[in-house]
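Engineer: First the structure, which I've put down as structure tokens, then a few questions once you've had a look.
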Amino acid sequence: MLEAFDVDPVAESIYLAMLKSPLAGIAELAERLGWEEDRIRSGLDELARLSLLRPSWENPLAMRPVSPEAGLEILLARQRVDLLRRQHQIEEGQAALQVLIAEYAHPSRGTGSTGVEELIGLDAVRERLERLAYQTQHQVLAFAPDGAQTEEALAASRPLNALLLERGVEMRTLYLNSVRNDAPTSAHADWLVEMGALVRTVPVLPIRMLIVDRMFAVVPLDMDNTAAGAVVVRGAAPVAVMCALFEQIWQTGTPFGDEQDDRCPELTDQERALLNLLLQGDTDEQAARKLGVSPRTVGRMGAEIMARLGARSRFQAGALAAERGWLTQS
């Protein structure tokens with residue numbers, strides 16, 4: 001029940017028991033829950049850290065549970081601050097990534113002194129990815145921002161994925177939330193999880209990216225045309241920046257199979273992301289590409305958001321959403 005507030009199951013059980021019996025001591029809690037007293041003490045320490053316990057006004061040596069209304073509101077406030085901090089870190093990482101790509105992805109063939117290998121065309125990219133897959137020893141991190149994928153493309157990727165996972169390679173992939181509504185892509189994500197991969201989804205991804213063993217990173221030559229080719233980047237500094245960006249966005253993702261985080265019942269993560277994109281000046285087509293949906297879906301979602309807010313324009317919708325605090329929760 002309280003997992004969304006980062007309260008572990010042991011601390012949650014103790015907290016709920018104390019709400020029913022605020023005067024219960026360690027021995028009574030241990031007997032009621034059937035646990036050792038050391039486990040109770042550890043849980044109480046965690047509750048105190050989370051500000052869900054406070055000293056009693058009548059007996060400063062005793063601890064009393066804070067009411068859920070007050071205690072959980074404090075935890076929510078902390079989470080909001082943490083989300084804003086992580087969003088700021090992600091934005092900084094995205095900016096650094098764009099600078100690195102602009103600096104390294106010069107139109108030069110082969111691998112130069114900068115440690116960048118340019119690949120022209122899909123055939124060259126796929127052949128290089130196959131070679132990288134066979135060289136992979138430990139880990140593969142991936143951004144997959146294209147949304148729903150064809151069954152043919154998914155089937156073609158399975159042999160290499162299976163090879164990596166059967167060898168014990170850690171595989172973590174971030175998809176767009178929109179793939180949850182596409183049966184083939186959703187089934188593929190389920191298959192990856194069953195094979196031992198970790199899969200999460202987020203509303204928006206900044207770029208298609210693949211990181212191998214934290215030594216190589218593959219990114220598109222052209223952000224708007226991934227078929228044009230890619231660059232393989234090597235070097236501690238640029239790959240470290242890309243790894244940091246991946247980890248920041250990974251922390252915000254929802255594990256595949258879990259219900260979507262609904263911190264704002266009035267607005268889903270995907271709708272919130274769309275509203276932010278439109279307010280930044282993206283066209284419907286640009287927003288659709290970033291969200292992995294069709295422009296028609298973007299138009300429908302935008303109309304639904306405006307209707308829900310009672311807005312007559314997207315500008316007014318943005319102002320009303322900001323006034324309600326919707327935009328600060330992404």
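Going through the structure tokens in order, the chains are called A, B, and so on, while each chain numbers its residues from 1 and the ligands are numbered from 1 in the order shown.
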What's around Ala144 (chain A) at 6 Å? Count only C-alpha atoms, leave out sequence neighbours fewer than 2 positions away in its own chain, and write the answer as a ChimeraX atom specification.
Structural biologist: /A:146,174-175,208
Engineer: Take the residues from that selection and put them in a file with all heavy atoms, as a PDB file, in the first residue's frame.
Structural biologist:
ATOM      1  N   ASP A 146      11.099   4.771 -30.617  1.00  0.00           N
ATOM      2  CA  ASP A 146      10.286   4.726 -31.837  1.00  0.00           C
ATOM      3  C   ASP A 146       8.855   4.280 -31.604  1.00  0.00           C
ATOM      4  O   ASP A 146       8.069   4.179 -32.544  1.00  0.00           O
ATOM      5  CB  ASP A 146      10.941   3.776 -32.850  1.00  0.00           C
ATOM      6  CG  ASP A 146      12.299   4.292 -33.299  1.00  0.00           C
ATOM      7  OD1 ASP A 146      12.507   5.507 -33.216  1.00  0.00           O
ATOM      8  OD2 ASP A 146      13.138   3.477 -33.702  1.00  0.00           O
ATOM      9  N   LEU A 174      14.650   1.008 -22.206  1.00  0.00           N
ATOM     10  CA  LEU A 174      13.600   1.994 -21.949  1.00  0.00           C
ATOM     11  C   LEU A 174      12.780   2.196 -23.211  1.00  0.00           C
ATOM     12  O   LEU A 174      13.325   2.570 -24.256  1.00  0.00           O
ATOM     13  CB  LEU A 174      14.205   3.328 -21.508  1.00  0.00           C
ATOM     14  CG  LEU A 174      14.499   3.466 -20.006  1.00  0.00           C
ATOM     15  CD1 LEU A 174      15.434   4.637 -19.754  1.00  0.00           C
ATOM     16  CD2 LEU A 174      13.223   3.639 -19.212  1.00  0.00           C
ATOM     17  N   TYR A 175      11.488   1.906 -23.128  1.00  0.00           N
ATOM     18  CA  TYR A 175      10.547   2.150 -24.217  1.00  0.00           C
ATOM     19  C   TYR A 175       9.665   3.351 -23.849  1.00  0.00           C
ATOM     20  O   TYR A 175       9.639   3.808 -22.703  1.00  0.00           O
ATOM     21  CB  TYR A 175       9.643   0.939 -24.429  1.00  0.00           C
ATOM     22  CG  TYR A 175      10.291  -0.253 -25.083  1.00  0.00           C
ATOM     23  CD1 TYR A 175      10.680  -1.356 -24.323  1.00  0.00           C
ATOM     24  CD2 TYR A 175      10.487  -0.302 -26.454  1.00  0.00           C
ATOM     25  CE1 TYR A 175      11.267  -2.468 -24.917  1.00  0.00           C
ATOM     26  CE2 TYR A 175      11.066  -1.414 -27.057  1.00  0.00           C
ATOM     27  CZ  TYR A 175      11.451  -2.487 -26.284  1.00  0.00           C
ATOM     28  OH  TYR A 175      12.019  -3.576 -26.868  1.00  0.00           O
ATOM     29  N   ARG A 208      17.453   7.888 -29.841  1.00  0.00           N
ATOM     30  CA  ARG A 208      17.740   6.443 -29.911  1.00  0.00           C
ATOM     31  C   ARG A 208      19.203   6.256 -29.513  1.00  0.00           C
ATOM     32  O   ARG A 208      20.087   6.966 -30.007  1.00  0.00           O
ATOM     33  CB  ARG A 208      17.490   5.925 -31.323  1.00  0.00           C
ATOM     34  CG  ARG A 208      17.974   4.497 -31.542  1.00  0.00           C
ATOM     35  CD  ARG A 208      17.458   3.916 -32.820  1.00  0.00           C
ATOM     36  NE  ARG A 208      16.043   3.562 -32.691  1.00  0.00           N
ATOM     37  CZ  ARG A 208      15.601   2.452 -32.099  1.00  0.00           C
ATOM     38  NH1 ARG A 208      16.466   1.597 -31.578  1.00  0.00           N
ATOM     39  NH2 ARG A 208      14.319   2.208 -32.031  1.00  0.00           N
TER      40      ARG A 208
END
Engineer: Can you tell me, as an NGL selection string, what residues are no more than 9 Å from Phe246 (chain A) when counting only C-alpha atoms, ignoring any on the same chain fewer than 3 positions away?
Structural biologist: :A and (90 or 93 or 141-143 or 174 or 241-243 or 249-251)
Engineer: If we count only C-alpha atoms, what is near Ala183 (chain A) at a cut-off of 12 Å, once residues fewer than 3 positions away on the same chain are taken out, given as a PDB file with all heavy atoms, in the first residue's frame?
Structural biologist:
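Output below, filename result-v7.pdb:
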ATOM      1  N   GLY A 147       8.492   3.976 -30.342  1.00  0.00           N
ATOM      2  CA  GLY A 147       7.123   3.535 -30.082  1.00  0.00           C
ATOM      3  C   GLY A 147       6.883   2.135 -30.611  1.00  0.00           C
ATOM      4  O   GLY A 147       7.768   1.277 -30.589  1.00  0.00           O
ATOM      5  N   ALA A 148       5.675   1.899 -31.103  1.00  0.00           N
ATOM      6  CA  ALA A 148       5.304   0.576 -31.606  1.00  0.00           C
ATOM      7  C   ALA A 148       6.211   0.172 -32.767  1.00  0.00           C
ATOM      8  O   ALA A 148       6.539   0.986 -33.628  1.00  0.00           O
ATOM      9  CB  ALA A 148       3.849   0.568 -32.047  1.00  0.00           C
ATOM     10  N   GLN A 149       6.629  -1.104 -32.784  1.00  0.00           N
ATOM     11  CA  GLN A 149       7.500  -1.620 -33.834  1.00  0.00           C
ATOM     12  C   GLN A 149       6.794  -2.732 -34.596  1.00  0.00           C
ATOM     13  O   GLN A 149       5.876  -3.364 -34.087  1.00  0.00           O
ATOM     14  CB  GLN A 149       8.795  -2.149 -33.218  1.00  0.00           C
ATOM     15  CG  GLN A 149       9.566  -1.076 -32.448  1.00  0.00           C
ATOM     16  CD  GLN A 149      10.832  -1.627 -31.813  1.00  0.00           C
ATOM     17  OE1 GLN A 149      11.565  -2.400 -32.430  1.00  0.00           O
ATOM     18  NE2 GLN A 149      11.091  -1.243 -30.587  1.00  0.00           N
ATOM     19  N   THR A 150       7.246  -2.963 -35.818  1.00  0.00           N
ATOM     20  CA  THR A 150       6.628  -4.001 -36.635  1.00  0.00           C
ATOM     21  C   THR A 150       6.997  -5.376 -36.092  1.00  0.00           C
ATOM     22  O   THR A 150       8.056  -5.554 -35.471  1.00  0.00           O
ATOM     23  CB  THR A 150       7.081  -3.896 -38.098  1.00  0.00           C
ATOM     24  OG1 THR A 150       8.486  -4.178 -38.172  1.00  0.00           O
ATOM     25  CG2 THR A 150       6.796  -2.502 -38.649  1.00  0.00           C
ATOM     26  N   GLU A 151       6.131  -6.353 -36.358  1.00  0.00           N
ATOM     27  CA  GLU A 151       6.417  -7.709 -35.906  1.00  0.00           C
ATOM     28  C   GLU A 151       7.682  -8.243 -36.561  1.00  0.00           C
ATOM     29  O   GLU A 151       8.433  -9.009 -35.950  1.00  0.00           O
ATOM     30  CB  GLU A 151       5.223  -8.614 -36.214  1.00  0.00           C
ATOM     31  CG  GLU A 151       3.967  -8.250 -35.420  1.00  0.00           C
ATOM     32  CD  GLU A 151       2.865  -9.275 -35.596  1.00  0.00           C
ATOM     33  OE1 GLU A 151       3.193 -10.477 -35.682  1.00  0.00           O
ATOM     34  OE2 GLU A 151       1.692  -8.888 -35.641  1.00  0.00           O
ATOM     35  N   LEU A 154      10.689  -6.818 -34.695  1.00  0.00           N
ATOM     36  CA  LEU A 154      10.811  -7.440 -33.374  1.00  0.00           C
ATOM     37  C   LEU A 154      11.355  -8.863 -33.499  1.00  0.00           C
ATOM     38  O   LEU A 154      12.222  -9.274 -32.719  1.00  0.00           O
ATOM     39  CB  LEU A 154       9.445  -7.452 -32.680  1.00  0.00           C
ATOM     40  CG  LEU A 154       8.867  -6.075 -32.322  1.00  0.00           C
ATOM     41  CD1 LEU A 154       7.430  -6.203 -31.851  1.00  0.00           C
ATOM     42  CD2 LEU A 154       9.717  -5.395 -31.247  1.00  0.00           C
ATOM     43  N   SER A 178       3.763   4.488 -24.806  1.00  0.00           N
ATOM     44  CA  SER A 178       2.798   4.142 -25.845  1.00  0.00           C
ATOM     45  C   SER A 178       2.896   2.685 -26.278  1.00  0.00           C
ATOM     46  O   SER A 178       1.925   2.129 -26.802  1.00  0.00           O
ATOM     47  CB  SER A 178       2.979   5.048 -27.064  1.00  0.00           C
ATOM     48  OG  SER A 178       4.293   4.935 -27.588  1.00  0.00           O
ATOM     49  N   VAL A 179       4.037   2.015 -26.050  1.00  0.00           N
ATOM     50  CA  VAL A 179       4.157   0.622 -26.496  1.00  0.00           C
ATOM     51  C   VAL A 179       3.254  -0.297 -25.681  1.00  0.00           C
ATOM     52  O   VAL A 179       2.959  -1.418 -26.104  1.00  0.00           O
ATOM     53  CB  VAL A 179       5.612   0.115 -26.423  1.00  0.00           C
ATOM     54  CG1 VAL A 179       6.543   1.024 -27.184  1.00  0.00           C
ATOM     55  CG2 VAL A 179       6.090  -0.064 -24.986  1.00  0.00           C
ATOM     56  N   ARG A 180       2.801   0.147 -24.517  1.00  0.00           N
ATOM     57  CA  ARG A 180       1.911  -0.672 -23.700  1.00  0.00           C
ATOM     58  C   ARG A 180       0.575  -0.913 -24.407  1.00  0.00           C
ATOM     59  O   ARG A 180      -0.147  -1.852 -24.072  1.00  0.00           O
ATOM     60  CB  ARG A 180       1.672  -0.005 -22.340  1.00  0.00           C
ATOM     61  CG  ARG A 180       2.918   0.063 -21.457  1.00  0.00           C
ATOM     62  CD  ARG A 180       2.659   0.858 -20.193  1.00  0.00           C
ATOM     63  NE  ARG A 180       3.850   0.951 -19.352  1.00  0.00           N
ATOM     64  CZ  ARG A 180       4.143   0.131 -18.355  1.00  0.00           C
ATOM     65  NH1 ARG A 180       3.322  -0.859 -18.074  1.00  0.00           N
ATOM     66  NH2 ARG A 180       5.234   0.289 -17.630  1.00  0.00           N
ATOM     67  N   SER A 186       4.312  -4.914 -26.967  1.00  0.00           N
ATOM     68  CA  SER A 186       4.080  -5.295 -25.575  1.00  0.00           C
ATOM     69  C   SER A 186       4.449  -6.757 -25.340  1.00  0.00           C
ATOM     70  O   SER A 186       5.074  -7.108 -24.334  1.00  0.00           O
ATOM     71  CB  SER A 186       2.616  -5.049 -25.210  1.00  0.00           C
ATOM     72  OG  SER A 186       2.358  -5.401 -23.867  1.00  0.00           O
ATOM     73  N   ALA A 187       4.077  -7.628 -26.291  1.00  0.00           N
ATOM     74  CA  ALA A 187       4.422  -9.047 -26.168  1.00  0.00           C
ATOM     75  C   ALA A 187       5.935  -9.245 -26.209  1.00  0.00           C
ATOM     76  O   ALA A 187       6.494 -10.091 -25.490  1.00  0.00           O
ATOM     77  CB  ALA A 187       3.753  -9.842 -27.285  1.00  0.00           C
ATOM     78  N   HIS A 188       6.620  -8.452 -27.047  1.00  0.00           N
ATOM     79  CA  HIS A 188       8.076  -8.549 -27.125  1.00  0.00           C
ATOM     80  C   HIS A 188       8.707  -8.120 -25.798  1.00  0.00           C
ATOM     81  O   HIS A 188       9.660  -8.760 -25.320  1.00  0.00           O
ATOM     82  CB  HIS A 188       8.599  -7.665 -28.260  1.00  0.00           C
ATOM     83  CG  HIS A 188      10.087  -7.698 -28.416  1.00  0.00           C
ATOM     84  ND1 HIS A 188      10.765  -8.784 -28.920  1.00  0.00           N
ATOM     85  CD2 HIS A 188      11.036  -6.773 -28.103  1.00  0.00           C
ATOM     86  CE1 HIS A 188      12.062  -8.534 -28.931  1.00  0.00           C
ATOM     87  NE2 HIS A 188      12.254  -7.317 -28.444  1.00  0.00           N
ATOM     88  N   ALA A 189       8.192  -7.038 -25.203  1.00  0.00           N
ATOM     89  CA  ALA A 189       8.711  -6.586 -23.907  1.00  0.00           C
ATOM     90  C   ALA A 189       8.484  -7.655 -22.841  1.00  0.00           C
ATOM     91  O   ALA A 189       9.353  -7.900 -21.995  1.00  0.00           O
ATOM     92  CB  ALA A 189       8.049  -5.271 -23.507  1.00  0.00           C
ATOM     93  N   ASP A 190       7.307  -8.296 -22.867  1.00  0.00           N
ATOM     94  CA  ASP A 190       7.044  -9.397 -21.926  1.00  0.00           C
ATOM     95  C   ASP A 190       8.057 -10.525 -22.117  1.00  0.00           C
ATOM     96  O   ASP A 190       8.552 -11.111 -21.140  1.00  0.00           O
ATOM     97  CB  ASP A 190       5.626  -9.946 -22.138  1.00  0.00           C
ATOM     98  CG  ASP A 190       4.566  -9.040 -21.552  1.00  0.00           C
ATOM     99  OD1 ASP A 190       4.870  -8.339 -20.565  1.00  0.00           O
ATOM    100  OD2 ASP A 190       3.434  -9.032 -22.066  1.00  0.00           O
TER     101      ASP A 190
END
Engineer: Tell me, as an MDAnalysis selection string, which residues lie within 9 Å of Ala124 (chain A), counting only C-alpha atoms; anything in the same chain fewer than 4 positions away does not count.
Structural biologist: chainID A and resid 119:120 128:129 229:230
Engineer: Between CA of Asn161 (chain A) and CA of Asn177 (chain A), what is the distance, to one decimal in Å?
Structural biologist: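 Going from CA of Asn161 (chain A) over to CA of Asn177 (chain A), I get 21.1 Å.
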Engineer: Per DSSP on the backbone, what are the strand (DSSP E) residues of region 75-323 of chain A, as a PyMOL selection string?
Structural biologist: chain A and resi 110-111+116-120+139-144+170-176+198-202+209-212+216-220+229-234+254-255
Engineer: How many Å separate CA of Leu52 (chain A) from CA of Leu75 (chain A)?
Structural biologist: 8.9 Å
Engineer: Using only C-alpha atoms, which residues sit within 10 Å of Leu274 (chain A) once same-chain residues fewer than 6 positions away are excluded, as a ChimeraX atom specification?
Structural biologist: /A:203-204,268,280,282,284,287-288,290-291,298,301-302,305
Engineer: Can you work out which one of A:Thr254, A:Asn181, A:Thr226, A:Thr297 has the shortest atom-to-atom distance to Val199 (chain A), counting only C-alpha atoms?
Structural biologist: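 Going through A:Thr254, A:Asn181, A:Thr226, A:Thr297 one by one, the smallest distance to Val199 (chain A) is for A:Thr254.
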Engineer: Closest to Glu127 (chain A) among A:Leu160, A:Gly235, A:Leu309, A:Ala30, using only C-alpha atoms?
Structural biologist: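 Closest candidate: A:Leu160.
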Engineer: Nearest to Leu44 (chain A) among A:Asp123, A:Glu12, A:Glu28, A:Asp269, with distances taken over only C-alpha atoms: which residue is it?
Structural biologist: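 Selected residue with least distance to Leu44 (chain A): A:Glu12.
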Engineer: Which neighbours of Met63 (chain A) fall inside 7 Å, counting only C-alpha atoms, when residues of the same chain fewer than 4 positions from it are skipped, and could you give them as a list in words?
Structural biologist: Leu53, Arg54, Pro55 and Ser56 of chain A
Engineer: From region 253-309 of chain A, collect each residue whose DSSP state is alpha helix (DSSP H) and return the set as an NGL selection string.
Structural biologist: :A and (269-279 or 284-291 or 295-309)
Engineer: Generate the output file for the selected residues, N, CA, C and O atoms, as a compact mmCIF listing (two decimals), in the first residue's frame.
Structural biologist:
# COMPACT_ATOMS: atom_id res chain seq x y z
N ASP A 269 0.83 10.28 -17.43
CA ASP A 269 2.20 10.67 -17.76
C ASP A 269 2.32 11.06 -19.23
O ASP A 269 3.00 12.03 -19.58
N GLN A 270 1.65 10.29 -20.10
CA GLN A 270 1.75 10.57 -21.53
C GLN A 270 1.08 11.90 -21.87
O GLN A 270 1.61 12.70 -22.66
N GLU A 271 -0.08 12.18 -21.26
CA GLU A 271 -0.75 13.45 -21.51
C GLU A 271 0.08 14.61 -20.97
O GLU A 271 0.17 15.68 -21.60
N ARG A 272 0.70 14.42 -19.82
CA ARG A 272 1.52 15.48 -19.23
C ARG A 272 2.72 15.77 -20.13
O ARG A 272 3.09 16.92 -20.35
N ALA A 273 3.34 14.69 -20.64
CA ALA A 273 4.48 14.86 -21.55
C ALA A 273 4.05 15.59 -22.82
O ALA A 273 4.76 16.47 -23.31
N LEU A 274 2.89 15.23 -23.36
CA LEU A 274 2.39 15.90 -24.57
C LEU A 274 2.19 17.37 -24.32
O LEU A 274 2.58 18.22 -25.14
N LEU A 275 1.56 17.70 -23.21
CA LEU A 275 1.29 19.11 -22.91
C LEU A 275 2.59 19.89 -22.81
O LEU A 275 2.71 21.01 -23.33
N ASN A 276 3.60 19.31 -22.17
CA ASN A 276 4.90 19.99 -22.07
C ASN A 276 5.52 20.19 -23.45
O ASN A 276 6.08 21.25 -23.74
N LEU A 277 5.43 19.18 -24.32
CA LEU A 277 6.00 19.30 -25.66
C LEU A 277 5.31 20.39 -26.47
O LEU A 277 5.96 21.19 -27.15
N LEU A 278 3.99 20.42 -26.38
CA LEU A 278 3.24 21.43 -27.14
C LEU A 278 3.54 22.83 -26.62
O LEU A 278 3.64 23.78 -27.40
N LEU A 279 3.70 22.96 -25.31
CA LEU A 279 4.01 24.27 -24.74
C LEU A 279 5.42 24.72 -25.09
O LEU A 279 5.72 25.91 -25.10
N ASP A 284 2.35 19.10 -33.86
CA ASP A 284 1.73 17.80 -33.59
C ASP A 284 2.60 16.67 -34.12
O ASP A 284 2.73 15.62 -33.49
N GLU A 285 3.20 16.87 -35.30
CA GLU A 285 4.02 15.83 -35.90
C GLU A 285 5.27 15.57 -35.06
O GLU A 285 5.67 14.42 -34.85
N GLN A 286 5.92 16.65 -34.59
CA GLN A 286 7.11 16.48 -33.76
C GLN A 286 6.78 15.79 -32.44
O GLN A 286 7.49 14.90 -31.98
N ALA A 287 5.68 16.22 -31.81
CA ALA A 287 5.26 15.61 -30.55
C ALA A 287 4.91 14.14 -30.76
O ALA A 287 5.23 13.29 -29.92
N ALA A 288 4.24 13.83 -31.86
CA ALA A 288 3.86 12.44 -32.15
C ALA A 288 5.09 11.56 -32.28
O ALA A 288 5.13 10.43 -31.77
N ARG A 289 6.13 12.07 -32.96
CA ARG A 289 7.35 11.29 -33.15
C ARG A 289 8.03 11.03 -31.81
O ARG A 289 8.51 9.91 -31.54
N LYS A 290 8.07 12.02 -30.95
CA LYS A 290 8.74 11.86 -29.65
C LYS A 290 7.96 10.94 -28.72
O LYS A 290 8.55 10.25 -27.87
N LEU A 291 6.64 10.93 -28.84
CA LEU A 291 5.81 10.09 -27.98
C LEU A 291 5.59 8.70 -28.56
O LEU A 291 5.08 7.81 -27.87
N PRO A 295 0.16 11.48 -35.36
CA PRO A 295 -0.30 12.86 -35.21
C PRO A 295 -1.80 12.92 -34.90
O PRO A 295 -2.24 13.81 -34.16
N ARG A 296 -2.58 11.99 -35.44
CA ARG A 296 -4.01 11.97 -35.13
C ARG A 296 -4.24 11.72 -33.64
O ARG A 296 -5.10 12.34 -33.02
N THR A 297 -3.44 10.81 -33.05
CA THR A 297 -3.56 10.55 -31.61
C THR A 297 -3.18 11.79 -30.81
O THR A 297 -3.83 12.11 -29.80
N VAL A 298 -2.14 12.49 -31.25
CA VAL A 298 -1.74 13.72 -30.56
C VAL A 298 -2.88 14.74 -30.61
O VAL A 298 -3.19 15.39 -29.60
N GLY A 299 -3.52 14.88 -31.78
CA GLY A 299 -4.63 15.81 -31.89
C GLY A 299 -5.78 15.44 -30.97
O GLY A 299 -6.38 16.31 -30.31
N ARG A 300 -6.08 14.14 -30.91
CA ARG A 300 -7.17 13.69 -30.03
C ARG A 300 -6.84 13.93 -28.56
O ARG A 300 -7.67 14.42 -27.80
N MET A 301 -5.59 13.59 -28.18
CA MET A 301 -5.20 13.79 -26.79
C MET A 301 -5.22 15.27 -26.41
O MET A 301 -5.66 15.64 -25.32
N GLY A 302 -4.73 16.12 -27.34
CA GLY A 302 -4.75 17.55 -27.07
C GLY A 302 -6.16 18.08 -26.88
O GLY A 302 -6.42 18.89 -25.98
N ALA A 303 -7.09 17.60 -27.72
CA ALA A 303 -8.48 18.04 -27.59
C ALA A 303 -9.09 17.57 -26.28
O ALA A 303 -9.84 18.31 -25.62
N GLU A 304 -8.75 16.35 -25.86
CA GLU A 304 -9.27 15.83 -24.60
C GLU A 304 -8.74 16.62 -23.40
O GLU A 304 -9.49 16.90 -22.46
N ILE A 305 -7.47 16.98 -23.46
CA ILE A 305 -6.88 17.77 -22.36
C ILE A 305 -7.56 19.13 -22.28
O ILE A 305 -7.91 19.62 -21.19
N MET A 306 -7.75 19.78 -23.44
CA MET A 306 -8.40 21.09 -23.45
C MET A 306 -9.83 20.99 -22.92
O MET A 306 -10.29 21.85 -22.15
N ALA A 307 -10.54 19.93 -23.32
CA ALA A 307 -11.91 19.77 -22.85
C ALA A 307 -11.94 19.55 -21.35
O ALA A 307 -12.79 20.09 -20.63
N ARG A 308 -11.00 18.76 -20.82
CA ARG A 308 -10.97 18.48 -19.40
C ARG A 308 -10.68 19.74 -18.59
O ARG A 308 -11.19 19.92 -17.49
N LEU A 309 -9.85 20.62 -19.17
CA LEU A 309 -9.50 21.86 -18.49
C LEU A 309 -10.50 22.98 -18.76
O LEU A 309 -10.46 24.02 -18.10
